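Each remark here refers to the structure printed beneath this line.
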Amino acid sequence: MKRNTTVMIFSALMLIVGGLISPGAYADEGGASFWLPGQYGSLAAVPAEPGWSLPLIYFHSAADANGSKSFESGGRIKVGLDVDIDLILAVPTYVFKTPVLNGQATVSIAGVYGKANVDFDDTLTGPGGGILSDRESDSLTAFGDLYPSFSLRWNQGSHNTLAYTMLGVPVGSYEAERLANIGTNHWAADIGGGYTYFNMKTGREFSAVAGLTYNFENPDTDYQNGIDAHLDLGASQFLSEQLHIGLVGYVYYQLTGDSGSGARLGDFKSRVNGIGPQVGYFFMVGKKQVYLNLKGYWEFGAKNRPEGWNSWLTLSIPLGGDSK
């Protein structure tokens, strides 16, 4: 595997992690998290080429929870949640050439635009055994929050390490009484680290990134989500200089309960796991090497959040402009 080709793959894969996504249909009160599991993947800790790049990400998620599970949404307790989300993210990213703490520094900011469809099937059994049903639906197409991030990466041969921090800036479309939102209406901060083992001779790699999220209170609902822990995993094999395939996975687990006067369902700790395939390919556009990646996750073991599947399609475009 040629080194210059490999470096371009590193650049593309590393920049896939750009966006924190938490549309309101998946808002904390709705049983999901500021951190969207699956953001990091293969080669997450490997340094990239200095300069600008522009990852573009299409994210789709379809998830539901049956009528036996309750969620708080729009200031009300609802059951039978069904969610479909389509998002486009643009993630301007800059990798510095000058070392910081003997590592490679990267800054990025993710902007989100998309559509969320939410359905609640409120089916209740009355005292005499009668069934009461009331289906509510909502849909919204709008801009979401902003998600700046900063990271450092270090390389020693086949071993690579990562430290990062990310913020959620609540500027997206949000209304407390609305079922579907694209914004979260609360600040959040995430910090973590990761490791990648990559053998250039064999083309095999394994990556793991773990982190913790602290969520601030939503002032419109007096609801504060607990502290979340998450682990993103990726493993792949390069079949050629252009193509690699592998597996991705994640584990999400809420460590502390939700709080505030708006948390009427108690601590409402949530968890979910996901696993699925990935494939990546890079190609030339003029003199630029562009990277295309597709990965998908099937979810299982969910508690207090909807469960389903999601997919990520990422196009990473290097723009150049090395730091001096």
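A note on labels: chains of the structure tokens are A, B, ... as shown, every chain counts residues from 1, and ligands are counted from 1 in their shown order.
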
Contacts of Val95 in chain A at 7 Å or less, counting only C-alpha atoms, minus same-chain residues fewer than 4 places along, as a ChimeraX atom specification? /A:49-52,105-107

Extract the full set of strand (DSSP E) residues from range 68-276 of chain A according to DSSP on the backbone, and format it as a PyMOL selection string. chain A and resi 70-73+76-79+81-90+93-95+104-125+131-156+159-168+188-199+204-215+228-238+243-254+271-276

Counting only C-alpha atoms, the residue of A:Gln104, A:Gln278, A:Ser137, A:Asn66 that sits nearest Asn160 in chain A: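 For Asn160 in chain A, the nearest of the candidates is A:Gln104.
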
Among A:Val272, A:Ile191, A:Val46, A:Leu212, Ala63 in chain A is approached most closely, using only C-alpha atoms, by A:Val272

Could you name the residues that touch Phe198 in chain A at 6 Å or less, counting only C-alpha atoms, but leaving out those on the same chain fewer than 3 positions away, as a list in words? Ser158, Arg204 and Glu205 of chain A

Tell me, in Å to one decimal, how far CA of Val83 in chain A is from CA of Ala180 in chain A. 9.2 Å

I'd like the interatomic distance between CA of Ala48 in chain A and CA of Val91 in chain A, to a tenth of an Å. 15.5 Å
